[in-house]
Amino acid sequence: MDYCANPCPSHATIFDLLEGHGHTSNCPSDPVVTSGIQAPTVIAEEPSHVLEGEGQSDWMMWTNFVMNLVEEYAMAAEIGEAEALEPRTLAEVKCRPDWPLWKKAINEELETLRQAGTWELTEAPPDANIVGSKWVFCMKKDAAGNVIQYKARLVAQGFSQVLGVDYFNTFAPVAKLAAIQSVLAMAAAEDLELHQIDIKGAYLNGELTGREVIFMQQPPGYHAPGLVKLVCRLQKTLYGLKQSGWHWYQKLVEIMLTHLGFAHCDVDQAIFFQREGQAIIIVLVHVDDCTIAVTSITLIADFKARISEYVDITDLGELHWLLGIKIKSDQECCTIHLSQCSYIDSILR
C-alpha cells in the first residue's frame, strides 16, 4: 500500500462519509466509502518505513490521522443509526441488516403497480426515448422520530423526458402551509375533529393521454424472466414523470367535485370543502396525504367510505403528524399545539 507523504485529516470529514465521498484512507487511490455509512474493511496500516528527512513528529502526525479517521467513522456510524439513514441504491439496501423489510416493501410496490396496470412490456421502437427507472427508499417516522414503515418506490427518471414530445402539463397544487395553519386554527376554535388518510399509490391513479407515449426501462433488479430486452410502455402515470402530479390532481378534482360533491377553496386549489347546514368537511391535500377537519366523527367515517370507492386509502386515524410537524390537540382547552422537536433534535445531533 502506498502512503501519502502529508496525510491531512481534514480530507476525511463526517460530511464526506455521509455523502459517500470519503476514502478508506487518505490516499485517493483507495476505495471510496459507499454512501450510507459503512466502516472500511481495512483501516490504514502502519507505514513500513519512514521517508527520508522525516522523524518522530511525522509518525505521530500519521498516528493522529488514523485515530481521527477511526473516530470519525464511529461518529458517522452513530449519526447514521440515530437518523436512520435511508439507502440510495438497490445494491446498498441488499447489504443492510434490515434488507428483509426493504424486500417486503419492494414486493408490495411491484404488486401495487401490477394491480394498477401501470405498464405493458413491449419492444421499443428504434427511435424511442427510453426513460430510466430507479428505486427510491424511505422510512416513515412517527412524531417521536421512530421508524414505523419501510417504503420502496419505483420512480421514472423523468429528467430525460422531452417537453412537447412525451409530456405537456406539469403543474399540480398542494395545500400551502399558511392554509394548513388557518384550518388548524379554525379546528381549534370550532372544536372540529381532525383525521388523516393516505392515498395508496396516488400517482398511479392518473392516466396518460394518447399523445403521451412513454417507454421506460424495467425495474432495476426485477426484470421479467426471459424478457430482459423488453421495455415498459406506461399506461398510468408513475412517480418521477414530469406530468404525474398534474394527472393525479386532475383525477382528484374529478373525484372530489364530480363524484363526492365538494367545492374548491377560492384561495387554495388543494383545499376542498362541503357544507350541509351546520356540518362541514374540509379536506387539505398534500400530494397523497389528506388531512380532514370535520364537525363530527360520523361524517369522517362517511367520507372515508365514499372516497375509498374511487381510490385505495390507508386510514391513519386522528391527526398527530403532518409534514414533519407534531400536532397535539386539546379539545377541552380548544387548543392545538404544533411542534417540530424531532426536526430540531436531528439538527442538533
# chains A, B, ... in the order shown; residues from 1 in each chain; ligands from 1

call {"tool": "residues_around", "arguments": {"residues": "range 190-201 of chain A", "least_positions_apart": "5", "cutoff": "6 Å", "atoms": "only C-alpha atoms", "output": "PyMOL selection string"}}
result
chain A and resi 288-295+312-319

call {"tool": "write_last_selection", "arguments": {"atoms": "C-alpha atoms", "output": "tab-separated table (two decimals), in the first residue's frame"}}
result
chain	number	residue	atom	x	y	z
A	288	ASP	CA	-51.10	11.77	-1.33
A	289	ASP	CA	-51.71	12.92	2.27
A	290	CYS	CA	-55.20	14.15	3.06
A	291	THR	CA	-55.98	15.98	6.31
A	292	ILE	CA	-59.66	16.05	7.23
A	293	ALA	CA	-61.32	18.60	9.52
A	294	VAL	CA	-64.96	17.84	10.26
A	295	THR	CA	-67.69	18.63	12.76
A	312	ASP	CA	-57.31	2.87	-2.14
A	313	ILE	CA	-56.64	4.60	1.16
A	314	THR	CA	-54.81	3.95	4.41
A	315	ASP	CA	-56.75	5.21	7.42
A	316	LEU	CA	-54.22	6.93	9.68
A	317	GLY	CA	-56.78	7.82	12.34
A	318	GLU	CA	-56.52	11.02	14.33
A	319	LEU	CA	-54.09	13.66	13.11

call {"tool": "residues_around", "arguments": {"residues": "range 97-113 of chain A", "least_positions_apart": "6", "cutoff": "12 Å", "atoms": "only C-alpha atoms", "output": "JSON, numbers by chain"}}
result
{"A": [84, 85, 86, 87, 89, 90, 91, 119, 120, 134, 135, 136, 137, 138, 139, 147, 148, 149, 150, 151, 152, 153, 154, 155, 200, 201, 202, 203, 204, 205, 218, 219, 220, 221, 222, 223, 224, 232, 234, 235, 236, 237, 238, 239, 312]}

call {"tool": "write_last_selection", "arguments": {"atoms": "C-alpha atoms", "output": "short mmCIF file (atom, residue, chain, number, x, y, z; two decimals), in the first residue's frame"}}
result
data_model
loop_
_atom_site.label_atom_id
_atom_site.label_comp_id
_atom_site.auth_asym_id
_atom_site.auth_seq_id
_atom_site.Cartn_x
_atom_site.Cartn_y
_atom_site.Cartn_z
CA ALA A 84 -31.99 6.01 10.27
CA LEU A 85 -30.24 6.95 7.04
CA GLU A 86 -32.14 5.75 4.00
CA PRO A 87 -30.34 3.63 1.40
CA THR A 89 -29.41 2.16 -4.28
CA LEU A 90 -30.70 -1.39 -4.54
CA ALA A 91 -27.16 -2.75 -4.14
CA TRP A 119 -47.39 -0.73 -17.92
CA GLU A 120 -47.22 -3.41 -20.57
CA LYS A 134 -34.76 3.53 -10.20
CA TRP A 135 -35.75 2.56 -6.69
CA VAL A 136 -36.22 5.19 -4.02
CA PHE A 137 -36.29 4.06 -0.41
CA CYS A 138 -37.69 5.99 2.52
CA MET A 139 -38.62 5.41 6.13
CA VAL A 147 -39.46 4.28 12.09
CA ILE A 148 -42.99 2.94 11.58
CA GLN A 149 -42.92 1.94 7.91
CA TYR A 150 -40.45 1.00 5.20
CA LYS A 151 -41.44 2.26 1.76
CA ALA A 152 -39.91 1.40 -1.60
CA ARG A 153 -40.97 3.48 -4.58
CA LEU A 154 -40.23 2.74 -8.22
CA VAL A 155 -39.75 6.07 -9.94
CA LYS A 200 -52.08 4.46 -1.79
CA GLY A 201 -50.07 4.92 -4.98
CA ALA A 202 -51.69 8.27 -5.66
CA TYR A 203 -49.87 8.93 -8.93
CA LEU A 204 -50.92 5.54 -10.27
CA ASN A 205 -54.48 6.85 -10.47
CA GLN A 218 -37.88 -2.38 -16.41
CA PRO A 219 -37.43 -2.09 -12.62
CA PRO A 220 -33.74 -2.47 -11.69
CA GLY A 221 -33.05 -5.96 -10.37
CA TYR A 222 -36.61 -7.13 -11.12
CA HIS A 223 -36.75 -7.77 -14.86
CA ALA A 224 -39.42 -10.13 -16.17
CA CYS A 232 -42.31 -0.91 -20.23
CA LEU A 234 -46.52 3.15 -19.45
CA GLN A 235 -50.29 3.17 -19.26
CA LYS A 236 -50.54 5.06 -15.97
CA THR A 237 -48.50 7.90 -14.53
CA LEU A 238 -45.59 6.95 -12.30
CA TYR A 239 -43.65 8.83 -9.65
CA ASP A 312 -57.31 2.87 -2.14
#

call {"tool": "residues_around", "arguments": {"residues": "Ile130 in chain A", "least_positions_apart": "6", "cutoff": "8 Å", "atoms": "only C-alpha atoms", "output": "list in words"}}
result
Ala124, Ile214, Phe215, Met216 and Gln217 of chain A

call {"tool": "write_last_selection", "arguments": {"atoms": "N, CA and C atoms", "output": "mmCIF file, in the first residue's frame"}}
result
data_model
loop_
_atom_site.group_PDB
_atom_site.id
_atom_site.type_symbol
_atom_site.label_atom_id
_atom_site.label_comp_id
_atom_site.auth_asym_id
_atom_site.auth_seq_id
_atom_site.Cartn_x
_atom_site.Cartn_y
_atom_site.Cartn_z
ATOM 1 N N ALA A 124 -39.152 -1.771 -27.822
ATOM 2 C CA ALA A 124 -39.064 -0.326 -28.029
ATOM 3 C C ALA A 124 -38.802 -0.020 -29.502
ATOM 4 N N ILE A 214 -44.835 6.869 -23.584
ATOM 5 C CA ILE A 214 -43.617 6.846 -22.773
ATOM 6 C C ILE A 214 -43.144 5.406 -22.593
ATOM 7 N N PHE A 215 -41.872 5.181 -22.921
ATOM 8 C CA PHE A 215 -41.246 3.881 -22.722
ATOM 9 C C PHE A 215 -40.241 4.010 -21.577
ATOM 10 N N MET A 216 -40.248 3.025 -20.695
ATOM 11 C CA MET A 216 -39.382 3.059 -19.509
ATOM 12 C C MET A 216 -38.670 1.728 -19.349
ATOM 13 N N GLN A 217 -37.453 1.782 -18.828
ATOM 14 C CA GLN A 217 -36.722 0.555 -18.538
ATOM 15 C C GLN A 217 -37.430 -0.229 -17.425
#

call {"tool": "select_by_dssp", "arguments": {"residues": "range 125-256 of chain A", "states": "alpha helix (DSSP H)", "output": "PDB file with C-alpha atoms, in the first residue's frame"}}
result
ATOM      1  CA  LEU A 177     -48.576  25.909   4.961  1.00  0.00           C
ATOM      2  CA  ALA A 178     -50.476  29.140   5.694  1.00  0.00           C
ATOM      3  CA  ALA A 179     -53.730  27.460   4.633  1.00  0.00           C
ATOM      4  CA  ILE A 180     -52.968  24.432   6.802  1.00  0.00           C
ATOM      5  CA  GLN A 181     -52.340  26.678   9.798  1.00  0.00           C
ATOM      6  CA  SER A 182     -55.598  28.536   9.133  1.00  0.00           C
ATOM      7  CA  VAL A 183     -57.611  25.315   9.041  1.00  0.00           C
ATOM      8  CA  LEU A 184     -55.953  24.090  12.236  1.00  0.00           C
ATOM      9  CA  ALA A 185     -56.776  27.394  13.929  1.00  0.00           C
ATOM     10  CA  MET A 186     -60.365  27.041  12.746  1.00  0.00           C
ATOM     11  CA  ALA A 187     -60.460  23.462  14.058  1.00  0.00           C
ATOM     12  CA  ALA A 188     -59.280  24.652  17.481  1.00  0.00           C
ATOM     13  CA  ALA A 189     -61.839  27.476  17.616  1.00  0.00           C
ATOM     14  CA  GLU A 190     -64.771  25.406  16.320  1.00  0.00           C
ATOM     15  CA  SER A 244     -47.579  12.682 -12.922  1.00  0.00           C
ATOM     16  CA  GLY A 245     -48.556  15.363 -10.397  1.00  0.00           C
ATOM     17  CA  TRP A 246     -50.770  17.113 -12.928  1.00  0.00           C
ATOM     18  CA  HIS A 247     -52.615  13.928 -13.927  1.00  0.00           C
ATOM     19  CA  TRP A 248     -53.133  12.911 -10.292  1.00  0.00           C
ATOM     20  CA  TYR A 249     -54.512  16.327  -9.417  1.00  0.00           C
ATOM     21  CA  GLN A 250     -56.952  16.201 -12.349  1.00  0.00           C
ATOM     22  CA  LYS A 251     -58.123  12.795 -11.170  1.00  0.00           C
ATOM     23  CA  LEU A 252     -58.507  14.067  -7.597  1.00  0.00           C
ATOM     24  CA  VAL A 253     -60.539  17.067  -8.762  1.00  0.00           C
TER      25      VAL A 253
END

call {"tool": "atom_distance", "arguments": {"atom1": "CA of Ile300 in chain A", "atom2": "CA of Ile327 in chain A"}}
result
18.5 Å

call {"tool": "atom_distance", "arguments": {"atom1": "CA of Val231 in chain A", "atom2": "CA of Val213 in chain A"}}
result
12.5 Å

call {"tool": "closest_residue", "arguments": {"among": "A:Phe168, A:Gly240, A:Ala175, A:Asp302", "to": "Phe272 in chain A", "atoms": "only C-alpha atoms"}}
result
A:Ala175

call {"tool": "select_by_dssp", "arguments": {"residues": "range 80-305 of chain A", "states": "strand (DSSP E)", "output": "number ranges by chain"}}
result
A: 119-122, 130-131, 133-141, 147-156, 193-199, 215-216, 231-234, 263-264, 271-276, 279-286, 289-294

call {"tool": "write_last_selection", "arguments": {"atoms": "C-alpha atoms", "output": "PDB file, in the first residue's frame"}}
result
ATOM      1  CA  TRP A 119     -47.388  -0.735 -17.924  1.00  0.00           C
ATOM      2  CA  GLU A 120     -47.217  -3.406 -20.571  1.00  0.00           C
ATOM      3  CA  LEU A 121     -43.994  -4.986 -21.788  1.00  0.00           C
ATOM      4  CA  THR A 122     -43.149  -4.353 -25.422  1.00  0.00           C
ATOM      5  CA  ILE A 130     -36.336   5.261 -23.199  1.00  0.00           C
ATOM      6  CA  VAL A 131     -36.828   6.740 -19.736  1.00  0.00           C
ATOM      7  CA  SER A 133     -36.144   3.812 -13.717  1.00  0.00           C
ATOM      8  CA  LYS A 134     -34.758   3.532 -10.197  1.00  0.00           C
ATOM      9  CA  TRP A 135     -35.748   2.557  -6.687  1.00  0.00           C
ATOM     10  CA  VAL A 136     -36.220   5.189  -4.021  1.00  0.00           C
ATOM     11  CA  PHE A 137     -36.287   4.058  -0.406  1.00  0.00           C
ATOM     12  CA  CYS A 138     -37.692   5.991   2.522  1.00  0.00           C
ATOM     13  CA  MET A 139     -38.625   5.413   6.134  1.00  0.00           C
ATOM     14  CA  LYS A 140     -41.829   6.847   7.525  1.00  0.00           C
ATOM     15  CA  LYS A 141     -41.474   8.024  11.103  1.00  0.00           C
ATOM     16  CA  VAL A 147     -39.459   4.278  12.092  1.00  0.00           C
ATOM     17  CA  ILE A 148     -42.994   2.943  11.579  1.00  0.00           C
ATOM     18  CA  GLN A 149     -42.920   1.940   7.909  1.00  0.00           C
ATOM     19  CA  TYR A 150     -40.446   0.997   5.201  1.00  0.00           C
ATOM     20  CA  LYS A 151     -41.435   2.258   1.758  1.00  0.00           C
ATOM     21  CA  ALA A 152     -39.909   1.396  -1.605  1.00  0.00           C
ATOM     22  CA  ARG A 153     -40.975   3.484  -4.583  1.00  0.00           C
ATOM     23  CA  LEU A 154     -40.235   2.737  -8.217  1.00  0.00           C
ATOM     24  CA  VAL A 155     -39.752   6.071  -9.944  1.00  0.00           C
ATOM     25  CA  ALA A 156     -39.195   7.074 -13.536  1.00  0.00           C
ATOM     26  CA  GLU A 193     -62.338  16.612  14.614  1.00  0.00           C
ATOM     27  CA  LEU A 194     -59.019  16.110  12.815  1.00  0.00           C
ATOM     28  CA  HIS A 195     -58.181  12.911  10.966  1.00  0.00           C
ATOM     29  CA  GLN A 196     -55.791  11.855   8.226  1.00  0.00           C
ATOM     30  CA  ILE A 197     -55.730   9.387   5.342  1.00  0.00           C
ATOM     31  CA  ASP A 198     -53.040   8.362   2.872  1.00  0.00           C
ATOM     32  CA  ILE A 199     -53.834   7.658  -0.784  1.00  0.00           C
ATOM     33  CA  PHE A 215     -41.246   3.881 -22.722  1.00  0.00           C
ATOM     34  CA  MET A 216     -39.382   3.059 -19.509  1.00  0.00           C
ATOM     35  CA  VAL A 231     -39.244  -2.190 -22.047  1.00  0.00           C
ATOM     36  CA  CYS A 232     -42.313  -0.911 -20.229  1.00  0.00           C
ATOM     37  CA  ARG A 233     -44.823   1.159 -22.175  1.00  0.00           C
ATOM     38  CA  LEU A 234     -46.516   3.152 -19.446  1.00  0.00           C
ATOM     39  CA  ALA A 263     -66.289  22.585  -3.748  1.00  0.00           C
ATOM     40  CA  HIS A 264     -62.914  24.228  -4.299  1.00  0.00           C
ATOM     41  CA  ILE A 271     -58.372  22.528  -0.301  1.00  0.00           C
ATOM     42  CA  PHE A 272     -61.851  21.083  -0.790  1.00  0.00           C
ATOM     43  CA  PHE A 273     -64.904  21.599   1.411  1.00  0.00           C
ATOM     44  CA  GLN A 274     -68.505  20.519   1.706  1.00  0.00           C
ATOM     45  CA  ARG A 275     -71.167  22.190   3.843  1.00  0.00           C
ATOM     46  CA  GLU A 276     -74.588  20.869   4.790  1.00  0.00           C
ATOM     47  CA  ALA A 279     -71.989  20.383   9.281  1.00  0.00           C
ATOM     48  CA  ILE A 280     -68.786  20.970   7.349  1.00  0.00           C
ATOM     49  CA  ILE A 281     -65.979  18.808   5.972  1.00  0.00           C
ATOM     50  CA  ILE A 282     -62.642  20.352   4.960  1.00  0.00           C
ATOM     51  CA  VAL A 283     -60.030  18.285   3.136  1.00  0.00           C
ATOM     52  CA  LEU A 284     -56.451  19.546   2.712  1.00  0.00           C
ATOM     53  CA  VAL A 285     -54.417  17.662   0.122  1.00  0.00           C
ATOM     54  CA  HIS A 286     -50.636  17.458   0.000  1.00  0.00           C
ATOM     55  CA  ASP A 289     -51.709  12.915   2.266  1.00  0.00           C
ATOM     56  CA  CYS A 290     -55.200  14.155   3.064  1.00  0.00           C
ATOM     57  CA  THR A 291     -55.984  15.979   6.310  1.00  0.00           C
ATOM     58  CA  ILE A 292     -59.661  16.051   7.230  1.00  0.00           C
ATOM     59  CA  ALA A 293     -61.316  18.602   9.521  1.00  0.00           C
ATOM     60  CA  VAL A 294     -64.962  17.839  10.263  1.00  0.00           C
TER      61      VAL A 294
END

call {"tool": "atom_distance", "arguments": {"atom1": "CA of Pro173 in chain A", "atom2": "CA of Gln269 in chain A"}}
result
6.5 Å

call {"tool": "residues_around", "arguments": {"residues": "Tyr167 in chain A", "least_positions_apart": "2", "cutoff": "10 Å", "atoms": "only C-alpha atoms", "output": "MDAnalysis selection string"}}
result
chainID A and resid 158 161:165 169:170 208:209 211:214 241:244

call {"tool": "residues_around", "arguments": {"residues": "Ser339 in chain A", "least_positions_apart": "2", "cutoff": "12 Å", "atoms": "only C-alpha atoms", "output": "PyMOL selection string"}}
result
chain A and resi 143-144+320-329+336-337+341-345

call {"tool": "decode", "arguments": {"residues": "range 270-297 of chain A", "atoms": "N, CA and C atoms", "output": "PDB file, in the first residue's frame"}}
result
ATOM      1  N   ALA A 270     -55.852  23.315  -3.474  1.00  0.00           N
ATOM      2  CA  ALA A 270     -55.628  21.991  -2.901  1.00  0.00           C
ATOM      3  C   ALA A 270     -56.474  21.776  -1.655  1.00  0.00           C
ATOM      4  N   ILE A 271     -57.449  22.666  -1.428  1.00  0.00           N
ATOM      5  CA  ILE A 271     -58.372  22.528  -0.301  1.00  0.00           C
ATOM      6  C   ILE A 271     -59.788  22.381  -0.849  1.00  0.00           C
ATOM      7  N   PHE A 272     -60.472  21.338  -0.384  1.00  0.00           N
ATOM      8  CA  PHE A 272     -61.851  21.083  -0.790  1.00  0.00           C
ATOM      9  C   PHE A 272     -62.740  21.135   0.449  1.00  0.00           C
ATOM     10  N   PHE A 273     -63.998  21.540   0.260  1.00  0.00           N
ATOM     11  CA  PHE A 273     -64.904  21.599   1.411  1.00  0.00           C
ATOM     12  C   PHE A 273     -66.322  21.268   0.969  1.00  0.00           C
ATOM     13  N   GLN A 274     -67.094  20.848   1.936  1.00  0.00           N
ATOM     14  CA  GLN A 274     -68.505  20.519   1.706  1.00  0.00           C
ATOM     15  C   GLN A 274     -69.292  20.936   2.942  1.00  0.00           C
ATOM     16  N   ARG A 275     -70.368  21.680   2.726  1.00  0.00           N
ATOM     17  CA  ARG A 275     -71.167  22.190   3.843  1.00  0.00           C
ATOM     18  C   ARG A 275     -72.624  21.759   3.677  1.00  0.00           C
ATOM     19  N   GLU A 276     -73.171  21.233   4.746  1.00  0.00           N
ATOM     20  CA  GLU A 276     -74.588  20.869   4.790  1.00  0.00           C
ATOM     21  C   GLU A 276     -75.155  21.362   6.116  1.00  0.00           C
ATOM     22  N   GLY A 277     -75.857  22.499   6.059  1.00  0.00           N
ATOM     23  CA  GLY A 277     -76.353  23.097   7.289  1.00  0.00           C
ATOM     24  C   GLY A 277     -75.207  23.543   8.163  1.00  0.00           C
ATOM     25  N   GLN A 278     -75.167  23.047   9.414  1.00  0.00           N
ATOM     26  CA  GLN A 278     -74.091  23.378  10.340  1.00  0.00           C
ATOM     27  C   GLN A 278     -72.889  22.442  10.206  1.00  0.00           C
ATOM     28  N   ALA A 279     -73.063  21.365   9.452  1.00  0.00           N
ATOM     29  CA  ALA A 279     -71.989  20.383   9.281  1.00  0.00           C
ATOM     30  C   ALA A 279     -71.057  20.818   8.155  1.00  0.00           C
ATOM     31  N   ILE A 280     -69.777  20.610   8.362  1.00  0.00           N
ATOM     32  CA  ILE A 280     -68.786  20.970   7.349  1.00  0.00           C
ATOM     33  C   ILE A 280     -67.638  19.964   7.350  1.00  0.00           C
ATOM     34  N   ILE A 281     -67.156  19.661   6.148  1.00  0.00           N
ATOM     35  CA  ILE A 281     -65.979  18.808   5.972  1.00  0.00           C
ATOM     36  C   ILE A 281     -64.958  19.602   5.162  1.00  0.00           C
ATOM     37  N   ILE A 282     -63.729  19.672   5.667  1.00  0.00           N
ATOM     38  CA  ILE A 282     -62.642  20.352   4.960  1.00  0.00           C
ATOM     39  C   ILE A 282     -61.531  19.331   4.725  1.00  0.00           C
ATOM     40  N   VAL A 283     -61.084  19.241   3.492  1.00  0.00           N
ATOM     41  CA  VAL A 283     -60.030  18.285   3.136  1.00  0.00           C
ATOM     42  C   VAL A 283     -58.844  19.057   2.548  1.00  0.00           C
ATOM     43  N   LEU A 284     -57.686  18.936   3.207  1.00  0.00           N
ATOM     44  CA  LEU A 284     -56.451  19.546   2.712  1.00  0.00           C
ATOM     45  C   LEU A 284     -55.604  18.454   2.080  1.00  0.00           C
ATOM     46  N   VAL A 285     -55.146  18.682   0.866  1.00  0.00           N
ATOM     47  CA  VAL A 285     -54.417  17.662   0.122  1.00  0.00           C
ATOM     48  C   VAL A 285     -52.977  18.109  -0.091  1.00  0.00           C
ATOM     49  N   HIS A 286     -52.059  17.229   0.279  1.00  0.00           N
ATOM     50  CA  HIS A 286     -50.636  17.458   0.000  1.00  0.00           C
ATOM     51  C   HIS A 286     -50.101  16.212  -0.680  1.00  0.00           C
ATOM     52  N   VAL A 287     -50.209  16.181  -2.009  1.00  0.00           N
ATOM     53  CA  VAL A 287     -49.855  15.048  -2.862  1.00  0.00           C
ATOM     54  C   VAL A 287     -50.748  13.851  -2.523  1.00  0.00           C
ATOM     55  N   ASP A 288     -50.287  12.947  -1.654  1.00  0.00           N
ATOM     56  CA  ASP A 288     -51.098  11.773  -1.330  1.00  0.00           C
ATOM     57  C   ASP A 288     -51.561  11.754   0.129  1.00  0.00           C
ATOM     58  N   ASP A 289     -51.264  12.807   0.871  1.00  0.00           N
ATOM     59  CA  ASP A 289     -51.709  12.915   2.266  1.00  0.00           C
ATOM     60  C   ASP A 289     -52.914  13.847   2.347  1.00  0.00           C
ATOM     61  N   CYS A 290     -53.980  13.359   2.934  1.00  0.00           N
ATOM     62  CA  CYS A 290     -55.200  14.155   3.064  1.00  0.00           C
ATOM     63  C   CYS A 290     -55.514  14.363   4.535  1.00  0.00           C
ATOM     64  N   THR A 291     -55.602  15.616   4.946  1.00  0.00           N
ATOM     65  CA  THR A 291     -55.984  15.979   6.310  1.00  0.00           C
ATOM     66  C   THR A 291     -57.447  16.389   6.296  1.00  0.00           C
ATOM     67  N   ILE A 292     -58.213  15.838   7.219  1.00  0.00           N
ATOM     68  CA  ILE A 292     -59.661  16.051   7.230  1.00  0.00           C
ATOM     69  C   ILE A 292     -60.059  16.763   8.513  1.00  0.00           C
ATOM     70  N   ALA A 293     -60.743  17.880   8.380  1.00  0.00           N
ATOM     71  CA  ALA A 293     -61.316  18.602   9.521  1.00  0.00           C
ATOM     72  C   ALA A 293     -62.836  18.560   9.367  1.00  0.00           C
ATOM     73  N   VAL A 294     -63.526  18.080  10.390  1.00  0.00           N
ATOM     74  CA  VAL A 294     -64.962  17.839  10.263  1.00  0.00           C
ATOM     75  C   VAL A 294     -65.654  18.046  11.602  1.00  0.00           C
ATOM     76  N   THR A 295     -66.947  18.306  11.544  1.00  0.00           N
ATOM     77  CA  THR A 295     -67.693  18.633  12.764  1.00  0.00           C
ATOM     78  C   THR A 295     -68.065  17.405  13.594  1.00  0.00           C
ATOM     79  N   SER A 296     -68.072  16.213  12.996  1.00  0.00           N
ATOM     80  CA  SER A 296     -68.451  15.022  13.765  1.00  0.00           C
ATOM     81  C   SER A 296     -67.732  13.785  13.239  1.00  0.00           C
ATOM     82  N   ILE A 297     -67.568  12.807  14.101  1.00  0.00           N
ATOM     83  CA  ILE A 297     -66.894  11.563  13.746  1.00  0.00           C
ATOM     84  C   ILE A 297     -67.651  10.807  12.665  1.00  0.00           C
TER      85      ILE A 297
END
